[in-house]
Amino acid sequence: MVPLSLPDCPYSKAQFLEEEVNRLSALNDAIIRASGQSLIVVDGAGFICYSSEDVPKIFGYDKAESLINRNVDVIVEDLNSRLHLGDHSQRKGRGFHTDGGFLQLEIGIAAIRSVTTRGNLAITIKHIARLEENRLSRSLHESAADILDAAFDPAFCTDGAGIITKVNQAAVNEFGWSQKELIGQSIRIIDGAERQACHDSCLRHHFEAGAKEKIKKMREIRARRKDGTEFEADLTLAEIPQREFDERIVCGFIRDLTQEKAARAEIISKQNLLSKIIDASFDALFVINQHGIIQMVNNKSCTALGWSQEEFVGQNIKMIMPEEHASNHDSYLARYLKTGLKNMMGKEREVDARCKDGSKFPCILGLAEVETNDSGDRLFCGFIRSLAHERALERRASAQEQRNLKNAKEILEQRSTILGILDASFHALFVITEEECTIQMVNQKSCDVFGWTKEEFIGQNISMIMTNDVAIHHDQYVRNYMATGIKKMIGKQREVIEKRKDGSTFPAALGLADPQEAGLICGFIRDLTQEKAARAEIISKQNLLSKIIDASFDALFVINQHGIIQMVNDKSCTALGWSQEEFVGQNIKMIMPEEHASNHDSYLARYLKTGLKNMMGKEREVEARCKDGSKFPCILGLAEVEKSDAGDRLFCGFIHSLAHERALERRVTDEEQRNLKNAKEILEQRSTILGILDASFHALFVITEEKCTIQMVNQKSCDVFGWTKEEFIGQNISMIMTNDVAIHHDQYVRNYMATCIKKMIGKQREVIAKRKDGSTFPAALGLADPQAAGLICGFIRDLTQEEAAQEEIIRGQLLTSKIIDASFDALFVIDHRGIIQRVNESSCNVFGWSREEFIGQNIKMIMPAGHAKNHDSYLSRYVETGIKTMFGKEREIEARRRDGSMFPCILGLSEVVTNDTTQFVGFVRDVTMRKLLAEAEREASDSLLFNILPEHIAYRLKADPSHIADQYDNTTILFADIGECLLTISSGHLCLFVSMLNDIFSRFDHLCDIYELNKVKTIGDCYMITSIPSNNADHDGCARVCRFALDLLGAVQDFNNTCPQHGPIDFRVGISTGSVVAGVVGIKRFLFDMWGDAVNVAARMEQSGLAGQIQVTRSVVDSAGSDFTFQLRGTLSIKGKGPMDVYMLKFAKPSDKWTENTKQPKGPNPQ
């Protein structure tokens, strides 16, 4: 049997189920009318509630409606009293014709076991002179079909030969064939290509040998649709219980796993990628719980400290601490857990670490709390970066020694990176010399596979891993290659036998490569032991299959397109009298009677020519001939199985002898046959329904609409909820609901009955269900109306494992993401086109872009222009050639931040392949400070000065370290302040206020750059800038400051519009111009500051100004020029100056000089 899955319909599942139920209901009514069955149905009081069309004709009535609601005694003598006495046996009886005559009848009575017609009886009536076929209850038939079609998953029923006898609408939607196309076909039609050849034998194995390893179990298979596409699915099979003389039926439910597997693979792929990224980190990583117990380490931790991952996990983190710190560590951790004070958390500090051999080295330690796991543990992540090499560099006196040490460090880091990559390989690797075949390098996998250590390998001849018969000739093979240059083995893969240290041998795949380095050969070895064992297991299963075929109860023949017998089983020899040797090679006509044998070859030729399957895939009754000439009746089933290796088309035939059945039939009387047929139909109908429902993946309930009492459940319901079927039946469905839902449930149902509005019917939703033991679980609930009056059908799927698995995967991803974000170094993951797929928090901190701004952009955004334009060609060349020029190495480059600034960094690249997807991981470490230290004697002060002082001031300070104080006659000063806002903000909201200031002042800084002004400082919520100090009377600095002030107010207005949560913010702005003294004072934290009367007046202009206005002095009006409009505010008393006329700057004319870089200054409309 092959699986199906729920169809992806273009409309809702509710519409789909309703349409199919209505269609099947009409179809079943038509079947009853067409059957010709003489059938009536009476209720518990003996009144007729249904009559087939031919019953009125027997008794002389015009139509069936004439009998409805009449007592059954009107047409059959004394029948109602017998029904009340429970006498349901078959009997002869007397009927009453409307013309006054009597009718001799045969009457059959059966109780209708339907939840909608409880207490009703089906009565078949047969006139003694006209025998009629028995008819089952319409309600029973209709309810079964509707419930099956209401199922979420595709369902198939097949007979013992694998022929489809019934499908539901979900199967039609999923597979693309109509019900008409599916019924009568072999179930192999929906089998994936790999299973089609063996399906029939598996089915025979079950029926004939009684093997049930695949029945009532869920397993994964591949299914095929009508269009030829295949998909993975879950299959559950159940054999419908039958009596020994009934045909055996198998029911299967199928669920499509395509989306589920794709989602799972994607999540696992992401998890693998994150794990590889962590292991690619430059720094040692530890994850511990609140007790200090190590939960996880990366490869760098093992390399740096000497313990293996197995030795680390489960130990206290104190193992890597010197004794003076280890004794107090647990108390430090306990104090943090109790108080929450982050003395060390989220900070970096310098400590000593202890290796496995007892040695110590200085390092930088960074700690962060990442999450709480399922068991309630709080987890902490620590990164350790060794300072041993840096300390060694510091101790070296001369610059030449520092350069030598740096070169040695880079070489060691490159070598360790390469060795780490090779050690991560799945296959054993050897690098040998061409001349002497001595081993120069092996990876860890080589040691694991062969049993020698790396030290035992290095320097030995590679023949040590070969069997003696190969080893004695190996060196000569290599010398021949060196002499001729002919690559007989290089670049190819072949199968060999290798030898371990303990002398045992194993099959392996050997691939040799020339690493383009003079005198070396590289070889990869893959152990084939498991592959060979798997292949042997397949052969064993094939042998088992042959034995199963021979154990079949039925005779089996395999013939080719010429009718020549290729194979028979033991049953064929037993049944027909020939031996296997006598059968094979003969024409199949030898077992046919003469009247059929003469035409058989023409039948076969016609099928091969036309492809019309008159007999193929069907069963028919024929006669077979034995060796002694006797004949016996049998059932013949034919199927085309496959093409043989020789190109022949092969056909498989099963012959089931009917001799025993015919003998039984002759001994059975006509009355026994009728009883058997009636009982068989009823049992088949009921057992088929129950078998189908019990085979479902999901729990099923059928309840009454009126009282919500349970009428039917399947076995899955008992498994999921814990009650037995007997405990379920007759109880209210609210028994499986939580209390908050149960108290309202009956009212919901009554509302539906009153309004007929299907709010829940035909839909799926997630609910909380309750088991017998009181525990609850998440579940998917789907309701359907099976079109049987007064019934509602519900399917329930337990979501516990799905949600738990999803949460576990998400928690793992979150933990890994937090660990990556806790790294000191910036991390980038890009695809083969250079598009950024992932960054960590350090990337955002280092470069200034947010995660959202990074994702989807080309990695060139962080490169200088000179490198950026060539980067795509570098990457495409690597993808095409595979030559790893940069991968696995560290190199120093320049990187670009968001603000355009450049900084030196160390870049490490590695390639990560997951699920056939190649991605590249890059770690970027900012080495600005390290370079500053390395060049401290020559340019430490230069870098610092140029970062914090104007350029011309920095040059002067270098030339003359004494204080700088210069007077400038033409300088414009601006102060901007929020006013009293800071006083109204509580201490709890200061962080939000500082964040808001950062946003606003960043906008001001942007404007400052555009107008080429000098930002002096910020003091609290006050912002101060000046024009470039100058003694030139015609300098345009005042005009620049005025345009800056107008744009400043525009920027504040834009902030208020985009960030309304902070409330309206208004700045007071004051401007003055005049003479100032500018200079640098002190010896720490240099600041290029200004002093003078003009500075004080500008501050007074801001302090006495109006919110949202720009207040200026007369000197600004005179200096700004004709492009600006000012309005006299009046005369104010200015502290330290007395009465002064002050003006308000209103707006400025547009200027071509600034339109390319900024919007036009905003101000009130002059009208």
# chains A, B, ... in the order shown; residues from 1 in each chain; ligands from 1
$ select_by_dssp --residues "segment 771-1007 of chain A" --states "strand (DSSP E)" --output "PyMOL selection string"
chain A and resi 776-784+791-798+826-830+836-839+890-896+902-914+917-926+964-977
$ write_last_selection --atoms "C-alpha atoms" --output "PDB file, in the first residue's frame"
ATOM      1  CA  THR A 776      -3.694  18.334  28.932  1.00  0.00           C
ATOM      2  CA  PHE A 777      -1.999  18.599  25.542  1.00  0.00           C
ATOM      3  CA  PRO A 778      -2.162  20.851  22.451  1.00  0.00           C
ATOM      4  CA  ALA A 779      -4.115  19.405  19.539  1.00  0.00           C
ATOM      5  CA  ALA A 780      -5.423  20.253  16.054  1.00  0.00           C
ATOM      6  CA  LEU A 781      -9.214  19.883  15.866  1.00  0.00           C
ATOM      7  CA  GLY A 782     -11.157  19.508  12.603  1.00  0.00           C
ATOM      8  CA  LEU A 783     -14.962  19.215  12.511  1.00  0.00           C
ATOM      9  CA  ALA A 784     -17.091  17.864   9.655  1.00  0.00           C
ATOM     10  CA  LEU A 791     -24.328  13.841  13.712  1.00  0.00           C
ATOM     11  CA  ILE A 792     -21.053  15.768  13.882  1.00  0.00           C
ATOM     12  CA  CYS A 793     -17.682  14.142  13.113  1.00  0.00           C
ATOM     13  CA  GLY A 794     -14.424  15.410  14.641  1.00  0.00           C
ATOM     14  CA  PHE A 795     -10.752  14.503  14.027  1.00  0.00           C
ATOM     15  CA  ILE A 796      -8.101  15.337  16.654  1.00  0.00           C
ATOM     16  CA  ARG A 797      -4.326  15.304  16.097  1.00  0.00           C
ATOM     17  CA  ASP A 798      -1.930  15.438  19.079  1.00  0.00           C
ATOM     18  CA  ALA A 826      32.411  40.772  13.938  1.00  0.00           C
ATOM     19  CA  LEU A 827      30.945  37.864  11.970  1.00  0.00           C
ATOM     20  CA  PHE A 828      29.496  37.776   8.457  1.00  0.00           C
ATOM     21  CA  VAL A 829      27.859  34.859   6.586  1.00  0.00           C
ATOM     22  CA  ILE A 830      27.498  35.405   2.811  1.00  0.00           C
ATOM     23  CA  ILE A 836      25.046  38.971   3.417  1.00  0.00           C
ATOM     24  CA  GLN A 837      22.857  36.279   5.041  1.00  0.00           C
ATOM     25  CA  ARG A 838      23.738  36.785   8.715  1.00  0.00           C
ATOM     26  CA  VAL A 839      25.699  39.083  11.036  1.00  0.00           C
ATOM     27  CA  GLU A 890      44.093  35.225   8.108  1.00  0.00           C
ATOM     28  CA  ARG A 891      45.165  38.455   6.499  1.00  0.00           C
ATOM     29  CA  GLU A 892      45.181  42.115   7.358  1.00  0.00           C
ATOM     30  CA  ILE A 893      42.914  44.407   5.350  1.00  0.00           C
ATOM     31  CA  GLU A 894      41.119  47.718   5.670  1.00  0.00           C
ATOM     32  CA  ALA A 895      37.368  47.843   6.367  1.00  0.00           C
ATOM     33  CA  ARG A 896      34.844  50.654   6.054  1.00  0.00           C
ATOM     34  CA  MET A 902      38.271  53.101   7.550  1.00  0.00           C
ATOM     35  CA  PHE A 903      39.952  50.844  10.078  1.00  0.00           C
ATOM     36  CA  PRO A 904      42.501  48.011   9.895  1.00  0.00           C
ATOM     37  CA  CYS A 905      41.312  44.529  10.725  1.00  0.00           C
ATOM     38  CA  ILE A 906      42.249  40.848  10.578  1.00  0.00           C
ATOM     39  CA  LEU A 907      39.985  38.821   8.248  1.00  0.00           C
ATOM     40  CA  GLY A 908      39.567  35.037   8.518  1.00  0.00           C
ATOM     41  CA  LEU A 909      37.507  33.173   5.905  1.00  0.00           C
ATOM     42  CA  SER A 910      36.120  29.644   5.809  1.00  0.00           C
ATOM     43  CA  GLU A 911      33.704  27.761   3.576  1.00  0.00           C
ATOM     44  CA  VAL A 912      30.656  26.043   5.086  1.00  0.00           C
ATOM     45  CA  VAL A 913      28.578  23.558   3.058  1.00  0.00           C
ATOM     46  CA  THR A 914      25.146  22.479   4.392  1.00  0.00           C
ATOM     47  CA  THR A 917      24.307  24.973  -0.160  1.00  0.00           C
ATOM     48  CA  THR A 918      27.684  26.699  -0.006  1.00  0.00           C
ATOM     49  CA  GLN A 919      28.116  29.678   2.295  1.00  0.00           C
ATOM     50  CA  PHE A 920      31.182  31.587   3.429  1.00  0.00           C
ATOM     51  CA  VAL A 921      31.891  32.695   6.986  1.00  0.00           C
ATOM     52  CA  GLY A 922      34.135  35.619   7.716  1.00  0.00           C
ATOM     53  CA  PHE A 923      35.409  36.788  11.130  1.00  0.00           C
ATOM     54  CA  VAL A 924      36.595  40.394  11.293  1.00  0.00           C
ATOM     55  CA  ARG A 925      38.680  41.538  14.241  1.00  0.00           C
ATOM     56  CA  ASP A 926      39.351  45.246  14.652  1.00  0.00           C
ATOM     57  CA  ILE A 964      47.523  76.688  21.705  1.00  0.00           C
ATOM     58  CA  ALA A 965      45.481  79.899  22.012  1.00  0.00           C
ATOM     59  CA  ASP A 966      44.677  81.990  18.892  1.00  0.00           C
ATOM     60  CA  GLN A 967      42.389  84.949  18.363  1.00  0.00           C
ATOM     61  CA  TYR A 968      39.979  84.969  15.410  1.00  0.00           C
ATOM     62  CA  ASP A 969      38.085  88.142  14.479  1.00  0.00           C
ATOM     63  CA  ASN A 970      35.312  86.509  12.420  1.00  0.00           C
ATOM     64  CA  THR A 971      33.681  83.467  14.080  1.00  0.00           C
ATOM     65  CA  THR A 972      29.961  82.645  14.370  1.00  0.00           C
ATOM     66  CA  ILE A 973      28.799  80.649  17.380  1.00  0.00           C
ATOM     67  CA  LEU A 974      25.514  78.698  17.774  1.00  0.00           C
ATOM     68  CA  PHE A 975      23.976  77.193  20.896  1.00  0.00           C
ATOM     69  CA  ALA A 976      20.880  74.905  20.741  1.00  0.00           C
ATOM     70  CA  ASP A 977      19.116  73.616  23.866  1.00  0.00           C
TER      71      ASP A 977
END
$ residues_around --residues "Arg1068 of chain A" --least-positions-apart "3" --cutoff "10 Å" --atoms "only C-alpha atoms" --output "PDB file with N, CA, C and O atoms, in the first residue's frame"
ATOM      1  N   PHE A 975      24.377  78.089  19.817  1.00  0.00           N
ATOM      2  CA  PHE A 975      23.976  77.193  20.896  1.00  0.00           C
ATOM      3  C   PHE A 975      22.535  76.755  20.629  1.00  0.00           C
ATOM      4  O   PHE A 975      21.689  77.576  20.253  1.00  0.00           O
ATOM      5  N   ALA A 976      22.245  75.425  20.843  1.00  0.00           N
ATOM      6  CA  ALA A 976      20.880  74.905  20.741  1.00  0.00           C
ATOM      7  C   ALA A 976      20.607  74.059  21.974  1.00  0.00           C
ATOM      8  O   ALA A 976      21.418  73.214  22.344  1.00  0.00           O
ATOM      9  N   ASP A 977      19.413  74.286  22.595  1.00  0.00           N
ATOM     10  CA  ASP A 977      19.116  73.616  23.866  1.00  0.00           C
ATOM     11  C   ASP A 977      17.625  73.283  23.898  1.00  0.00           C
ATOM     12  O   ASP A 977      16.781  74.068  23.442  1.00  0.00           O
ATOM     13  N   ILE A 978      17.306  72.119  24.482  1.00  0.00           N
ATOM     14  CA  ILE A 978      15.896  71.745  24.635  1.00  0.00           C
ATOM     15  C   ILE A 978      15.226  72.615  25.687  1.00  0.00           C
ATOM     16  O   ILE A 978      14.018  72.775  25.710  1.00  0.00           O
ATOM     17  N   GLY A 979      15.951  73.184  26.563  1.00  0.00           N
ATOM     18  CA  GLY A 979      15.356  74.053  27.598  1.00  0.00           C
ATOM     19  C   GLY A 979      15.245  73.315  28.900  1.00  0.00           C
ATOM     20  O   GLY A 979      16.192  72.695  29.369  1.00  0.00           O
ATOM     21  N   CYS A1022      22.520  70.403  25.567  1.00  0.00           N
ATOM     22  CA  CYS A1022      22.913  71.596  24.814  1.00  0.00           C
ATOM     23  C   CYS A1022      23.922  71.201  23.733  1.00  0.00           C
ATOM     24  O   CYS A1022      24.813  70.388  23.958  1.00  0.00           O
ATOM     25  N   LEU A1049      16.089  73.192  12.905  1.00  0.00           N
ATOM     26  CA  LEU A1049      14.680  73.197  13.312  1.00  0.00           C
ATOM     27  C   LEU A1049      13.870  72.231  12.434  1.00  0.00           C
ATOM     28  O   LEU A1049      12.935  71.576  12.918  1.00  0.00           O
ATOM     29  N   MET A1101      21.753  84.434  23.927  1.00  0.00           N
ATOM     30  CA  MET A1101      20.715  84.436  22.895  1.00  0.00           C
ATOM     31  C   MET A1101      19.864  83.148  22.991  1.00  0.00           C
ATOM     32  O   MET A1101      18.642  83.192  22.841  1.00  0.00           O
ATOM     33  N   GLU A1102      20.535  82.038  23.246  1.00  0.00           N
ATOM     34  CA  GLU A1102      19.780  80.778  23.372  1.00  0.00           C
ATOM     35  C   GLU A1102      18.945  80.771  24.648  1.00  0.00           C
ATOM     36  O   GLU A1102      17.771  80.392  24.645  1.00  0.00           O
ATOM     37  N   GLN A1103      19.513  81.215  25.758  1.00  0.00           N
ATOM     38  CA  GLN A1103      18.824  81.142  27.045  1.00  0.00           C
ATOM     39  C   GLN A1103      17.593  82.034  27.095  1.00  0.00           C
ATOM     40  O   GLN A1103      16.584  81.713  27.726  1.00  0.00           O
ATOM     41  N   SER A1104      17.654  83.201  26.405  1.00  0.00           N
ATOM     42  CA  SER A1104      16.528  84.141  26.426  1.00  0.00           C
ATOM     43  C   SER A1104      15.635  83.961  25.203  1.00  0.00           C
ATOM     44  O   SER A1104      14.686  84.733  25.020  1.00  0.00           O
ATOM     45  N   GLY A1105      15.903  82.949  24.379  1.00  0.00           N
ATOM     46  CA  GLY A1105      15.145  82.755  23.150  1.00  0.00           C
ATOM     47  C   GLY A1105      13.815  82.054  23.394  1.00  0.00           C
ATOM     48  O   GLY A1105      13.445  81.722  24.519  1.00  0.00           O
ATOM     49  N   LEU A1106      13.097  81.848  22.302  1.00  0.00           N
ATOM     50  CA  LEU A1106      11.796  81.191  22.343  1.00  0.00           C
ATOM     51  C   LEU A1106      11.920  79.785  21.763  1.00  0.00           C
ATOM     52  O   LEU A1106      12.711  79.543  20.857  1.00  0.00           O
ATOM     53  N   ALA A1107      11.083  78.867  22.296  1.00  0.00           N
ATOM     54  CA  ALA A1107      11.108  77.478  21.811  1.00  0.00           C
ATOM     55  C   ALA A1107      10.721  77.437  20.343  1.00  0.00           C
ATOM     56  O   ALA A1107       9.746  78.057  19.915  1.00  0.00           O
ATOM     57  N   GLY A1108      11.521  76.717  19.578  1.00  0.00           N
ATOM     58  CA  GLY A1108      11.246  76.560  18.169  1.00  0.00           C
ATOM     59  C   GLY A1108      11.634  77.785  17.343  1.00  0.00           C
ATOM     60  O   GLY A1108      11.254  77.871  16.170  1.00  0.00           O
ATOM     61  N   GLN A1109      12.418  78.728  17.916  1.00  0.00           N
ATOM     62  CA  GLN A1109      12.808  79.958  17.219  1.00  0.00           C
ATOM     63  C   GLN A1109      14.326  80.107  17.268  1.00  0.00           C
ATOM     64  O   GLN A1109      15.001  79.512  18.125  1.00  0.00           O
ATOM     65  N   ILE A1110      14.845  80.933  16.327  1.00  0.00           N
ATOM     66  CA  ILE A1110      16.288  81.205  16.252  1.00  0.00           C
ATOM     67  C   ILE A1110      16.490  82.683  16.581  1.00  0.00           C
ATOM     68  O   ILE A1110      16.044  83.562  15.824  1.00  0.00           O
ATOM     69  N   GLN A1111      17.129  82.962  17.709  1.00  0.00           N
ATOM     70  CA  GLN A1111      17.341  84.347  18.146  1.00  0.00           C
ATOM     71  C   GLN A1111      18.796  84.731  17.880  1.00  0.00           C
ATOM     72  O   GLN A1111      19.703  83.977  18.248  1.00  0.00           O
TER      73      GLN A1111
END
$ select_by_dssp --residues "segment 707-909 of chain A" --states "alpha helix (DSSP H)" --output "short mmCIF file (atom, residue, chain, number, x, y, z; two decimals) with C-alpha atoms, in the first residue's frame"
data_model
loop_
_atom_site.label_atom_id
_atom_site.label_comp_id
_atom_site.auth_asym_id
_atom_site.auth_seq_id
_atom_site.Cartn_x
_atom_site.Cartn_y
_atom_site.Cartn_z
CA GLN A 715 -8.73 3.07 18.41
CA LYS A 716 -6.52 6.18 18.05
CA SER A 717 -8.91 8.07 20.37
CA CYS A 718 -8.39 5.43 23.06
CA ASP A 719 -4.60 5.54 22.59
CA VAL A 720 -4.47 9.34 22.80
CA PHE A 721 -6.93 10.01 25.65
CA LYS A 725 -14.26 2.62 23.70
CA GLU A 726 -16.80 1.37 26.24
CA GLU A 727 -15.99 4.32 28.57
CA PHE A 728 -16.36 6.79 25.71
CA ASN A 739 -13.19 23.02 32.23
CA ASP A 740 -13.18 26.55 30.80
CA VAL A 741 -14.27 25.20 27.40
CA ALA A 742 -16.48 22.31 28.56
CA ILE A 743 -19.00 24.52 30.40
CA HIS A 744 -19.81 26.41 27.19
CA HIS A 745 -19.53 23.61 24.62
CA ASP A 746 -23.17 22.38 24.57
CA GLN A 747 -24.38 25.95 24.06
CA TYR A 748 -22.03 26.36 21.07
CA VAL A 749 -23.56 23.26 19.48
CA ARG A 750 -27.14 24.43 20.17
CA ASN A 751 -26.31 27.78 18.51
CA TYR A 752 -25.08 25.91 15.43
CA MET A 753 -28.22 23.77 15.31
CA ALA A 754 -30.42 26.87 15.60
CA THR A 755 -28.58 29.04 13.05
CA THR A 800 2.65 17.63 21.70
CA GLN A 801 5.68 16.10 19.96
CA GLU A 802 5.52 18.56 17.05
CA GLU A 803 5.47 21.59 19.34
CA ALA A 804 8.12 20.14 21.67
CA ALA A 805 10.43 19.40 18.74
CA GLN A 806 9.84 22.84 17.28
CA GLU A 807 10.52 24.53 20.63
CA GLU A 808 13.67 22.46 21.16
CA ILE A 809 15.03 23.42 17.76
CA ILE A 810 14.15 27.08 18.29
CA ARG A 811 15.81 27.04 21.74
CA GLY A 812 18.92 25.52 20.21
CA GLN A 813 18.98 28.17 17.51
CA LEU A 814 18.47 30.95 20.07
CA LEU A 815 21.28 29.62 22.27
CA THR A 816 23.63 29.34 19.30
CA SER A 817 22.66 32.80 18.06
CA LYS A 818 23.29 34.31 21.49
CA ILE A 819 26.66 32.58 21.68
CA ILE A 820 27.60 33.98 18.27
CA ASP A 821 26.38 37.43 19.27
CA GLU A 841 25.90 41.94 17.27
CA SER A 842 29.60 42.79 17.12
CA SER A 843 29.25 43.47 13.38
CA CYS A 844 26.64 46.12 14.09
CA ASN A 845 28.72 47.64 16.89
CA VAL A 846 31.93 47.70 14.85
CA PHE A 847 30.54 48.92 11.52
CA ARG A 851 21.19 43.94 11.20
CA GLU A 852 18.30 44.95 8.93
CA GLU A 853 20.60 47.25 6.95
CA PHE A 854 23.20 44.50 6.55
CA ALA A 865 36.32 51.31 -3.02
CA GLY A 866 39.53 49.83 -4.47
CA HIS A 867 38.70 46.32 -3.20
CA ALA A 868 34.92 46.54 -3.56
CA LYS A 869 34.92 46.88 -7.35
CA ASN A 870 36.92 43.62 -7.77
CA HIS A 871 35.35 41.54 -4.99
CA ASP A 872 32.59 39.91 -7.07
CA SER A 873 35.12 38.74 -9.66
CA TYR A 874 37.32 37.25 -6.87
CA LEU A 875 34.35 35.33 -5.50
CA SER A 876 33.08 34.08 -8.87
CA ARG A 877 36.62 32.93 -9.78
CA TYR A 878 36.82 30.87 -6.60
CA VAL A 879 33.35 29.34 -7.24
CA GLU A 880 34.48 28.35 -10.77
CA THR A 881 37.98 27.08 -9.97
#
$ residues_around --residues "Phe383 of chain A" --least-positions-apart "3" --cutoff "9 Å" --atoms "only C-alpha atoms" --output "PyMOL selection string"
chain A and resi 283-286+364-368+822-824
$ write_last_selection --atoms "N, CA, C and O atoms" --output "compact mmCIF listing (two decimals), in the first residue's frame"
# COMPACT_ATOMS: atom_id res chain seq x y z
N ASP A 283 38.29 32.53 19.00
CA ASP A 283 38.44 32.48 20.45
C ASP A 283 37.88 31.18 21.03
O ASP A 283 36.96 30.57 20.48
N ALA A 284 38.43 30.78 22.21
CA ALA A 284 37.89 29.66 22.94
C ALA A 284 36.55 30.04 23.53
O ALA A 284 36.36 31.15 24.01
N LEU A 285 35.56 29.10 23.48
CA LEU A 285 34.21 29.37 23.96
C LEU A 285 33.80 28.31 24.97
O LEU A 285 34.06 27.12 24.77
N PHE A 286 33.15 28.76 26.07
CA PHE A 286 32.59 27.87 27.07
C PHE A 286 31.16 28.28 27.37
O PHE A 286 30.86 29.48 27.45
N ILE A 364 42.14 37.42 27.67
CA ILE A 364 41.01 38.32 27.87
C ILE A 364 39.77 37.47 28.03
O ILE A 364 39.47 36.60 27.20
N LEU A 365 38.98 37.67 29.10
CA LEU A 365 37.77 36.91 29.38
C LEU A 365 36.55 37.82 29.22
O LEU A 365 36.51 38.90 29.80
N GLY A 366 35.58 37.38 28.43
CA GLY A 366 34.31 38.10 28.28
C GLY A 366 33.18 37.19 28.68
O GLY A 366 33.11 36.04 28.24
N LEU A 367 32.25 37.66 29.56
CA LEU A 367 31.15 36.84 30.06
C LEU A 367 29.81 37.44 29.66
O LEU A 367 29.67 38.67 29.61
N ALA A 368 28.82 36.58 29.41
CA ALA A 368 27.46 37.05 29.13
C ALA A 368 26.50 35.94 29.50
O ALA A 368 26.79 34.76 29.33
N ALA A 822 27.65 36.89 21.29
CA ALA A 822 28.54 37.22 22.41
C ALA A 822 30.01 37.24 21.99
O ALA A 822 30.87 37.59 22.80
N SER A 823 30.31 36.89 20.74
CA SER A 823 31.69 36.86 20.27
C SER A 823 32.31 38.26 20.27
O SER A 823 31.62 39.25 20.05
N PHE A 824 33.63 38.31 20.52
CA PHE A 824 34.33 39.59 20.45
C PHE A 824 34.39 40.10 19.02
O PHE A 824 34.42 41.31 18.78
